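Participant: Handing over protein_33.tsv, TSV, C-alpha atoms.
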```tsv
chain	number	residue	atom	x	y	z
F	189	MET	CA	-0.34	27.37	-19.40
F	190	LYS	CA	-1.62	27.90	-22.91
F	191	SER	CA	-5.22	27.51	-23.95
F	192	ASP	CA	-4.20	25.84	-27.24
F	193	VAL	CA	-3.07	22.68	-25.46
F	194	PRO	CA	-4.99	19.76	-27.02
F	195	LEU	CA	-7.67	18.31	-24.77
F	196	SER	CA	-6.10	14.84	-24.94
F	197	ALA	CA	-2.80	16.31	-23.67
F	198	LYS	CA	-4.60	18.06	-20.82
F	199	MET	CA	-6.40	14.86	-19.90
F	200	GLY	CA	-3.12	12.95	-20.10
F	201	ALA	CA	-1.49	15.45	-17.75
F	202	PHE	CA	-4.45	15.18	-15.38
F	203	VAL	CA	-4.13	11.42	-15.07
F	204	GLU	CA	-1.03	11.31	-12.86
F	205	PRO	CA	-2.21	13.56	-10.01
F	206	ILE	CA	-5.70	12.10	-10.16
F	207	THR	CA	-4.32	8.55	-9.99
F	208	ASN	CA	-2.56	9.45	-6.73
F	209	PHE	CA	-5.73	11.08	-5.43
F	210	ILE	CA	-7.90	8.07	-6.26
F	211	GLU	CA	-5.34	5.64	-4.83
F	212	ASP	CA	-5.39	7.62	-1.59
F	213	LYS	CA	-9.09	8.25	-1.23
F	214	TYR	CA	-10.77	5.47	-3.20
F	215	PRO	CA	-8.24	2.60	-3.22
F	216	MET	CA	-10.98	0.17	-4.15
F	217	LEU	CA	-11.24	1.78	-7.58
F	218	THR	CA	-7.60	1.10	-8.35
F	219	GLN	CA	-7.67	-2.48	-7.10
F	220	GLY	CA	-10.35	-3.66	-9.51
F	221	PRO	CA	-10.19	-3.77	-13.30
F	222	ALA	CA	-8.53	-0.73	-14.92
F	223	GLU	CA	-11.78	0.01	-16.78
F	224	LEU	CA	-13.42	1.09	-13.52
F	225	PHE	CA	-10.71	3.69	-12.90
F	226	TRP	CA	-10.90	5.09	-16.45
F	227	LEU	CA	-14.68	5.06	-16.42
F	228	THR	CA	-14.63	7.14	-13.23
F	229	VAL	CA	-12.18	9.69	-14.65
F	230	PHE	CA	-13.85	10.02	-18.06
F	231	THR	CA	-17.34	10.19	-16.56
F	232	ALA	CA	-16.18	12.99	-14.27
F	233	ILE	CA	-14.68	14.93	-17.17
F	234	LEU	CA	-17.80	14.47	-19.30
F	235	GLU	CA	-20.09	15.45	-16.43
F	236	SER	CA	-18.03	18.54	-15.67
F	237	GLY	CA	-19.29	20.13	-18.87
F	238	THR	CA	-16.02	21.97	-19.46
F	239	HIS	CA	-15.78	20.59	-23.00
F	240	ALA	CA	-18.25	19.36	-25.58
F	241	LYS	CA	-19.07	15.68	-25.35
F	242	ASP	CA	-17.75	15.02	-28.88
F	243	ASP	CA	-14.43	16.70	-28.03
F	244	VAL	CA	-14.05	14.63	-24.87
F	245	ASN	CA	-14.90	11.42	-26.71
F	246	ARG	CA	-12.39	12.29	-29.44
F	247	ALA	CA	-9.71	12.96	-26.80
F	248	ILE	CA	-10.54	9.64	-25.10
F	249	GLY	CA	-10.05	7.93	-28.48
F	250	GLU	CA	-6.66	9.60	-28.89
F	251	LEU	CA	-5.62	8.55	-25.38
F	252	LYS	CA	-6.80	5.01	-26.06
F	253	LYS	CA	-4.67	4.91	-29.19
F	254	LYS	CA	-1.68	6.22	-27.26
F	255	TYR	CA	-1.96	4.17	-24.07
F	256	GLY	CA	-4.39	1.38	-24.85
F	257	PRO	CA	-3.46	-2.20	-25.71
F	258	SER	CA	-2.24	-2.52	-29.29
Y	32	MET	CA	1.73	5.96	45.13
Y	33	LEU	CA	4.13	3.65	43.34
Y	34	ARG	CA	1.40	2.43	41.01
Y	35	TRP	CA	0.44	6.03	40.19
Y	36	LEU	CA	4.10	6.87	39.52
Y	37	LYS	CA	4.52	3.89	37.24
Y	38	ARG	CA	1.39	4.85	35.32
Y	39	ARG	CA	2.67	8.40	34.93
Y	40	ILE	CA	6.01	7.17	33.65
Y	41	ASP	CA	4.92	4.52	31.17
Y	42	GLY	CA	2.13	6.66	29.70
Y	43	THR	CA	-0.26	3.73	29.13
Y	44	PRO	CA	-3.49	5.50	30.22
Y	45	ASP	CA	-2.62	8.60	28.16
Y	46	LEU	CA	-1.99	6.58	25.03
Y	47	GLU	CA	-5.09	4.43	25.57
Y	48	ARG	CA	-7.19	7.59	25.87
Y	49	PHE	CA	-5.60	9.01	22.75
Y	50	VAL	CA	-6.28	5.84	20.73
Y	51	THR	CA	-9.89	5.82	21.96
Y	52	LEU	CA	-10.23	9.45	20.91
Y	53	LEU	CA	-8.86	8.65	17.44
Y	54	ARG	CA	-11.25	5.69	17.08
Y	55	GLY	CA	-14.17	8.08	17.39
Y	56	MET	CA	-12.88	10.47	14.74
Y	57	SER	CA	-13.99	10.50	11.11
Y	58	ALA	CA	-11.49	9.87	8.31
Y	59	PRO	CA	-11.54	13.56	7.17
Y	60	ASP	CA	-10.88	14.72	10.76
Y	61	LEU	CA	-8.02	12.23	11.03
Y	62	GLY	CA	-6.70	13.59	7.72
Y	63	THR	CA	-6.58	17.05	9.27
Y	64	LEU	CA	-4.82	15.68	12.34
Y	65	VAL	CA	-2.27	13.85	10.17
Y	66	ALA	CA	-1.65	17.08	8.21
Y	67	VAL	CA	-1.18	19.15	11.38
Y	68	ALA	CA	1.06	16.49	12.93
Y	69	THR	CA	3.19	16.50	9.79
Y	70	VAL	CA	3.60	20.28	9.97
Y	71	VAL	CA	4.64	19.99	13.63
Y	72	ARG	CA	7.14	17.21	12.89
Y	73	LEU	CA	8.75	18.93	9.91
Y	74	ASN	CA	9.03	22.24	11.75
Y	75	MET	CA	10.63	20.49	14.73
Y	76	ARG	CA	12.92	18.51	12.45
Y	77	ASP	CA	13.99	21.66	10.61
Y	78	ALA	CA	14.70	23.31	13.96
Y	79	GLY	CA	16.88	20.34	14.95
Y	80	HIS	CA	14.60	19.22	17.80
Y	81	LEU	CA	13.17	16.06	16.28
Y	82	PRO	CA	15.53	14.16	14.00
Y	83	ASP	CA	14.00	11.19	12.14
Y	84	ALA	CA	16.17	8.86	14.22
Y	85	ALA	CA	14.27	9.94	17.35
Y	86	LEU	CA	11.17	8.26	15.92
Y	87	ASP	CA	12.91	5.04	14.93
Y	88	ILE	CA	12.80	2.15	17.39
Y	89	ALA	CA	16.24	1.09	16.22
Y	90	GLY	CA	17.15	4.74	15.78
Y	91	GLY	CA	20.35	4.88	17.70
Y	92	LEU	CA	19.94	8.39	19.09
Y	93	PRO	CA	21.93	8.68	22.33
Y	94	PRO	CA	19.55	8.39	25.32
Y	95	GLU	CA	20.14	11.99	26.40
Y	96	LYS	CA	19.15	13.29	22.95
Y	97	GLN	CA	16.16	10.99	22.86
Y	98	LEU	CA	15.07	12.32	26.25
Y	99	ALA	CA	15.64	15.92	25.14
Y	100	ALA	CA	13.43	15.39	22.10
Y	101	GLN	CA	10.74	13.77	24.27
Y	102	LEU	CA	10.83	16.70	26.73
Y	103	LYS	CA	10.70	19.22	23.90
Y	104	LEU	CA	7.59	17.51	22.54
Y	105	SER	CA	5.92	17.35	25.95
Y	106	ASN	CA	6.62	21.06	26.46
Y	107	LEU	CA	5.26	21.83	23.02
Y	108	VAL	CA	2.02	19.95	23.78
Y	109	ARG	CA	1.60	21.96	27.00
Y	110	GLN	CA	2.44	25.20	25.20
Y	111	PHE	CA	-0.16	24.57	22.49
Y	112	GLN	CA	-2.72	23.67	25.17
Y	113	LYS	CA	-2.01	26.89	27.08
Y	114	LEU	CA	-2.36	28.90	23.87
Y	115	GLY	CA	-5.75	27.30	23.21
Y	116	GLN	CA	-4.56	25.45	20.10
Y	117	PRO	CA	-5.95	21.92	20.62
Y	118	SER	CA	-5.32	20.80	17.02
Y	119	ASP	CA	-1.64	21.68	17.23
Y	120	ALA	CA	-1.46	20.05	20.68
Y	121	ALA	CA	-2.97	16.86	19.24
Y	122	GLY	CA	-0.50	17.01	16.33
Y	123	ALA	CA	2.43	17.20	18.76
Y	124	MET	CA	0.89	14.42	20.88
Y	125	VAL	CA	1.07	12.08	17.88
Y	126	TRP	CA	4.88	12.26	18.01
Y	127	SER	CA	5.11	12.32	21.78
Y	128	HIS	CA	3.07	9.10	21.99
Y	129	SER	CA	5.01	7.62	19.07
Y	130	MET	CA	8.31	8.21	20.85
Y	131	ARG	CA	6.98	6.65	24.06
Y	132	ALA	CA	5.54	3.68	22.20
Y	133	GLY	CA	8.80	3.18	20.33
Y	134	ALA	CA	10.85	3.29	23.49
Y	135	THR	CA	8.54	1.12	25.63
Y	136	PRO	CA	7.85	-2.45	24.44
Y	137	GLU	CA	4.62	-2.62	26.50
Y	138	LEU	CA	3.28	0.38	24.56
Y	139	ARG	CA	4.28	-0.89	21.12
Y	140	LEU	CA	0.91	-2.52	20.42
Y	141	LEU	CA	-0.98	0.64	21.42
Y	142	GLY	CA	1.38	2.66	19.25
Y	143	ARG	CA	0.60	0.46	16.27
Y	144	GLN	CA	-3.12	0.78	17.00
Y	145	MET	CA	-2.68	4.56	17.12
Y	146	TRP	CA	-1.07	4.52	13.67
Y	147	GLY	CA	-3.78	2.17	12.42
Y	148	GLU	CA	-6.33	4.83	13.33
Y	149	LEU	CA	-4.25	7.73	11.98
Y	150	SER	CA	-3.72	5.95	8.67
Y	151	ARG	CA	-7.50	6.04	8.12
Y	152	GLY	CA	-6.94	9.74	7.53
Y	153	PHE	CA	-4.18	9.44	4.94
Y	154	GLY	CA	-6.67	9.58	2.08
Y	155	HIS	CA	-7.86	12.99	3.27
Y	156	ALA	CA	-4.55	14.46	4.39
Y	157	SER	CA	-3.57	15.96	1.03
Y	158	GLU	CA	-6.81	17.98	0.96
Y	159	ALA	CA	-6.24	19.07	4.57
Y	160	ILE	CA	-2.72	20.16	3.62
Y	161	GLU	CA	-4.13	22.26	0.76
Y	162	ASP	CA	-6.45	23.92	3.28
Y	163	ILE	CA	-3.62	24.57	5.74
Y	164	VAL	CA	-1.39	26.02	3.01
Y	165	ALA	CA	-4.24	28.30	1.92
Y	166	VAL	CA	-4.79	29.82	5.35
Y	167	SER	CA	-1.33	29.66	6.92
Y	168	PRO	CA	0.40	33.01	7.26
Y	169	ASN	CA	3.75	31.25	7.67
Y	170	ARG	CA	5.88	29.50	5.10
Y	171	LEU	CA	5.27	25.77	5.41
Y	172	PRO	CA	7.86	23.06	4.82
Y	173	PRO	CA	7.91	22.40	1.04
Y	174	GLU	CA	8.13	18.63	1.57
Y	175	LEU	CA	4.82	18.63	3.45
Y	176	SER	CA	2.82	16.95	0.69
Y	177	ARG	CA	5.38	14.15	0.38
Y	178	GLU	CA	5.82	13.47	4.08
Y	179	TYR	CA	2.32	13.02	5.45
Y	180	ARG	CA	2.37	9.24	5.01
Y	181	PHE	CA	5.36	8.86	7.31
Y	182	ILE	CA	4.86	6.21	9.98
Y	183	PRO	CA	7.61	5.73	12.56
Y	184	PRO	CA	9.43	2.47	11.78
Y	185	GLY	CA	8.21	-0.28	14.10
Y	186	LEU	CA	4.82	1.34	14.63
Y	187	GLU	CA	3.27	0.26	11.34
Y	188	PRO	CA	-0.39	-0.71	11.75
Y	189	MET	CA	-1.13	-4.39	11.93
Y	190	ALA	CA	-2.51	-5.92	8.76
Y	191	ASP	CA	-6.28	-5.89	8.79
Y	192	ALA	CA	-8.33	-8.97	8.28
Y	193	PRO	CA	-9.33	-9.24	4.61
Y	194	LYS	CA	-12.34	-7.07	3.96
Y	195	PRO	CA	-15.40	-8.49	2.27
Y	196	SER	CA	-16.01	-7.35	-1.29
Y	197	PRO	CA	-18.39	-4.41	-1.51
Y	198	THR	CA	-21.93	-5.00	-2.63
Y	199	SER	CA	-22.92	-3.52	-5.97
Y	200	GLY	CA	-24.80	-0.77	-4.11
Y	201	GLU	CA	-21.73	0.13	-2.05
Y	202	LEU	CA	-19.55	0.14	-5.17
Y	203	ALA	CA	-22.03	2.43	-6.95
Y	204	ALA	CA	-21.96	4.85	-3.99
Y	205	ILE	CA	-18.15	4.85	-3.91
Y	206	THR	CA	-17.95	5.41	-7.66
Y	207	ALA	CA	-20.48	8.26	-7.50
Y	208	ALA	CA	-18.48	9.96	-4.73
Y	209	ALA	CA	-15.26	9.48	-6.70
Y	210	VAL	CA	-16.82	10.93	-9.87
Y	211	ALA	CA	-17.96	14.02	-7.93
Y	212	ASP	CA	-14.49	14.52	-6.43
Y	213	VAL	CA	-12.67	13.95	-9.74
Y	214	LYS	CA	-15.09	16.31	-11.48
Y	215	ALA	CA	-14.26	19.11	-9.03
Y	216	LYS	CA	-10.54	18.46	-9.46
Y	217	TRP	CA	-10.83	18.39	-13.27
Y	218	ILE	CA	-12.69	21.74	-13.34
Y	219	GLN	CA	-9.94	23.25	-11.21
Y	220	PHE	CA	-7.21	21.66	-13.35
Y	221	ASP	CA	-8.81	22.65	-16.65
Y	222	SER	CA	-9.28	26.27	-15.54
Y	223	GLN	CA	-5.50	26.69	-15.35
Y	224	PHE	CA	-5.36	26.51	-19.14
Y	225	GLY	CA	-7.54	29.58	-19.56
```
In structure tokens, what does this structure look like?
Facilitator:
Amino acid sequence: MKSDVPLSAKMGAFVEPITNFIEDKYPMLTQGPAELFWLTVFTAILESGTHAKDDVNRAIGELKKKYGPS
Amino acid sequence: MLRWLKRRIDGTPDLERFVTLLRGMSAPDLGTLVAVATVVRLNMRDAGHLPDAALDIAGGLPPEKQLAAQLKLSNLVRQFQKLGQPSDAAGAMVWSHSMRAGATPELRLLGRQMWGELSRGFGHASEAIEDIVAVSPNRLPPELSREYRFIPPGLEPMADAPKPSPTSGELAAITAAAVADVKAKWIQFDSQFG
């Protein structure tokens, strides 16, 4: 995979496998409001320290624009 | 003598013991057992010894083939035990007990209880499969990660009573554990991009 993949694209690609994982291991988090699921995923990414906080927040904004309610 | 023979044939004490054993196991340990059992089933299926129909109550396998599959499984359990491989033996036992429970109405309830316990491990089975793939010297069935949630038709666990909502403290603990797990998975995922 290439390192020039935008962070929002990487995070988007991460969502599908992680959704399955969370459904399997923490079903409670997928049964409540969607915000709880997203909060868990985004908090984990922010806490991981792999990318600067501003970059992660920008990518979250892009994902919100793409997938969020219009 | 007759009572002993009946007990040996219907397998009730064996299955009761097995369910009791499963009840005492943690969810991660059950996940490992589910993963091992899936490897055993897929290998036996690929070898033609355990077709899916053999594990279906309404399966329609001719009795002689059903019996052959049951004997093959019983032999496999003994073989694993002799080789000192208790995990593999337990994995094979899952299917041996499932076949008995499917074929014997009196054992159906115990069979469903067994799958109720095993299904507690489903959430951990994918991780156990990753571990098995990492250490296994042999090629494993490629469909392994898709097949671990298989439950023999007719042995589905009974629906649980509705669970009470978690307290805010419990929810916080669950969320913290999920964040830690997702963080580890993200670091691994992100590292693939260089």
Participant: Pick out the closest residue to Gly79 (chain Y) from this set: Y:Ala99, Y:Leu64, Y:Val108, Y:Leu171. Count all atoms listed in the file.
Facilitator: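 Under the stated criterion, the closest residue is Y:Ala99.
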Participant: What residues in chain F lie within 8 Å of chain Y, counting only C-alpha atoms, written as a ChimeraX atom specification?
Facilitator: /F:189-191,193,198,202,206,209-210,212-214,217,228-229,231-233,235-236,238
Participant: With distances taken over all atoms listed in the file, which residue among Y:Ile88, Y:Pro82, Y:Leu149, Y:Arg76 lies nearest Gly55 (chain Y)?
Facilitator: Y:Leu149
Participant: With 4 Å of padding per side, what axis-aligned box (centre and edge lengths, Å, one decimal) covers all the listed atoms of region 218-229 of chain F? Give it as lines of an AutoDock Vina configuration file.
Facilitator:
```
center_x = -11.1
center_y = 3.0
center_z = -11.9
size_x = 15.1
size_y = 21.5
size_z = 17.7
```
Participant: Could you tell me how far CA of Ser129 (chain Y) lies from CA of Asn169 (chain Y), in Å and to one decimal?
Facilitator: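 Interatomic distance here is 26.3 Å.
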Participant: Go ahead and compute the interatomic distance for CA of Asn106 (chain Y) and CA of Pro188 (chain Y), in Å to one decimal.
Facilitator: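 Value for the CA of Asn106 (chain Y)-CA of Pro188 (chain Y) distance: 27.2 Å.
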Participant: Pick out the closest residue to Lys252 (chain F) from this set: F:Thr218, F:Phe230, F:Ala240, F:Asp192. Count only C-alpha atoms.
Facilitator: F:Phe230
Participant: Using CA of Val65 (chain Y) and CA of Glu204 (chain F) as the two end points, give the distance in Å to one decimal.
Facilitator: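 Taking CA of Val65 (chain Y) as the start and CA of Glu204 (chain F) as the end point, the length is 23.2 Å.
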Participant: Could you check which of Y:Gln219, Y:Thr51, Y:Thr69, Y:Gln97 is closest to Pro172 (chain Y), using only C-alpha atoms?
Facilitator: Y:Thr69
Participant: Which residues, protein or nucleic acid, reach to within 12 Å of (-10.4, 14.9, -30.2) in the file's coordinates when using all atoms listed in the file, and can you give that as a PyMOL selection string?
Facilitator: chain F and resi 193-199+239-253
Participant: Of the residues Y:Lys113, Y:Asp83, Y:Pro44, Y:Leu73, which is the one nearest to Arg170 (chain Y), using all atoms listed in the file?
Facilitator: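 Closest residue, counting all atoms listed in the file: Y:Leu73.
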Participant: From the set Y:Val164, Y:Glu201, Y:His80, Y:Gln144, which residue has the shortest atom-to-atom contact distance to Met216 (chain F), counting only C-alpha atoms?
Facilitator: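 The answer is Y:Glu201, which sits nearest to Met216 (chain F).
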Participant: Fix up region 101-122 of chain Y with N, CA and C atoms, then write it as a tab-separated table (two decimals), keeping the file's coordinate frame.
Facilitator:
```
chain	number	residue	atom	x	y	z
Y	101	GLN	N	12.00	14.11	23.60
Y	101	GLN	CA	10.74	13.77	24.27
Y	101	GLN	C	10.25	14.94	25.14
Y	102	LEU	N	11.20	15.56	25.87
Y	102	LEU	CA	10.83	16.70	26.73
Y	102	LEU	C	10.36	17.88	25.89
Y	103	LYS	N	11.07	18.10	24.79
Y	103	LYS	CA	10.70	19.22	23.90
Y	103	LYS	C	9.27	19.04	23.40
Y	104	LEU	N	8.95	17.79	23.03
Y	104	LEU	CA	7.59	17.51	22.54
Y	104	LEU	C	6.55	17.71	23.64
Y	105	SER	N	6.87	17.21	24.84
Y	105	SER	CA	5.92	17.35	25.95
Y	105	SER	C	5.68	18.83	26.25
Y	106	ASN	N	6.75	19.61	26.23
Y	106	ASN	CA	6.62	21.06	26.46
Y	106	ASN	C	5.77	21.71	25.37
Y	107	LEU	N	6.00	21.25	24.15
Y	107	LEU	CA	5.26	21.83	23.02
Y	107	LEU	C	3.77	21.54	23.16
Y	108	VAL	N	3.44	20.31	23.58
Y	108	VAL	CA	2.02	19.95	23.78
Y	108	VAL	C	1.41	20.90	24.81
Y	109	ARG	N	2.12	21.08	25.94
Y	109	ARG	CA	1.60	21.96	27.00
Y	109	ARG	C	1.45	23.40	26.50
Y	110	GLN	N	2.46	23.83	25.73
Y	110	GLN	CA	2.44	25.20	25.20
Y	110	GLN	C	1.22	25.42	24.29
Y	111	PHE	N	0.99	24.46	23.38
Y	111	PHE	CA	-0.16	24.57	22.49
Y	111	PHE	C	-1.46	24.57	23.30
Y	112	GLN	N	-1.51	23.72	24.35
Y	112	GLN	CA	-2.72	23.67	25.17
Y	112	GLN	C	-2.97	25.01	25.86
Y	113	LYS	N	-1.88	25.59	26.40
Y	113	LYS	CA	-2.01	26.89	27.08
Y	113	LYS	C	-2.48	27.97	26.12
Y	114	LEU	N	-2.00	27.88	24.87
Y	114	LEU	CA	-2.36	28.90	23.87
Y	114	LEU	C	-3.75	28.67	23.28
Y	115	GLY	N	-4.41	27.60	23.73
Y	115	GLY	CA	-5.75	27.30	23.21
Y	115	GLY	C	-5.70	26.81	21.78
Y	116	GLN	N	-4.69	26.00	21.45
Y	116	GLN	CA	-4.56	25.45	20.10
Y	116	GLN	C	-4.62	23.91	20.18
Y	117	PRO	N	-5.84	23.37	20.39
Y	117	PRO	CA	-5.95	21.92	20.62
Y	117	PRO	C	-5.51	21.08	19.41
Y	118	SER	N	-5.72	21.59	18.19
Y	118	SER	CA	-5.32	20.80	17.02
Y	118	SER	C	-3.81	20.64	16.98
Y	119	ASP	N	-3.10	21.75	17.23
Y	119	ASP	CA	-1.64	21.68	17.23
Y	119	ASP	C	-1.15	20.79	18.38
Y	120	ALA	N	-1.84	20.90	19.54
Y	120	ALA	CA	-1.46	20.05	20.68
Y	120	ALA	C	-1.62	18.57	20.31
Y	121	ALA	N	-2.74	18.26	19.64
Y	121	ALA	CA	-2.97	16.86	19.24
Y	121	ALA	C	-1.91	16.42	18.22
Y	122	GLY	N	-1.54	17.33	17.32
Y	122	GLY	CA	-0.50	17.01	16.33
Y	122	GLY	C	0.82	16.68	17.01
```
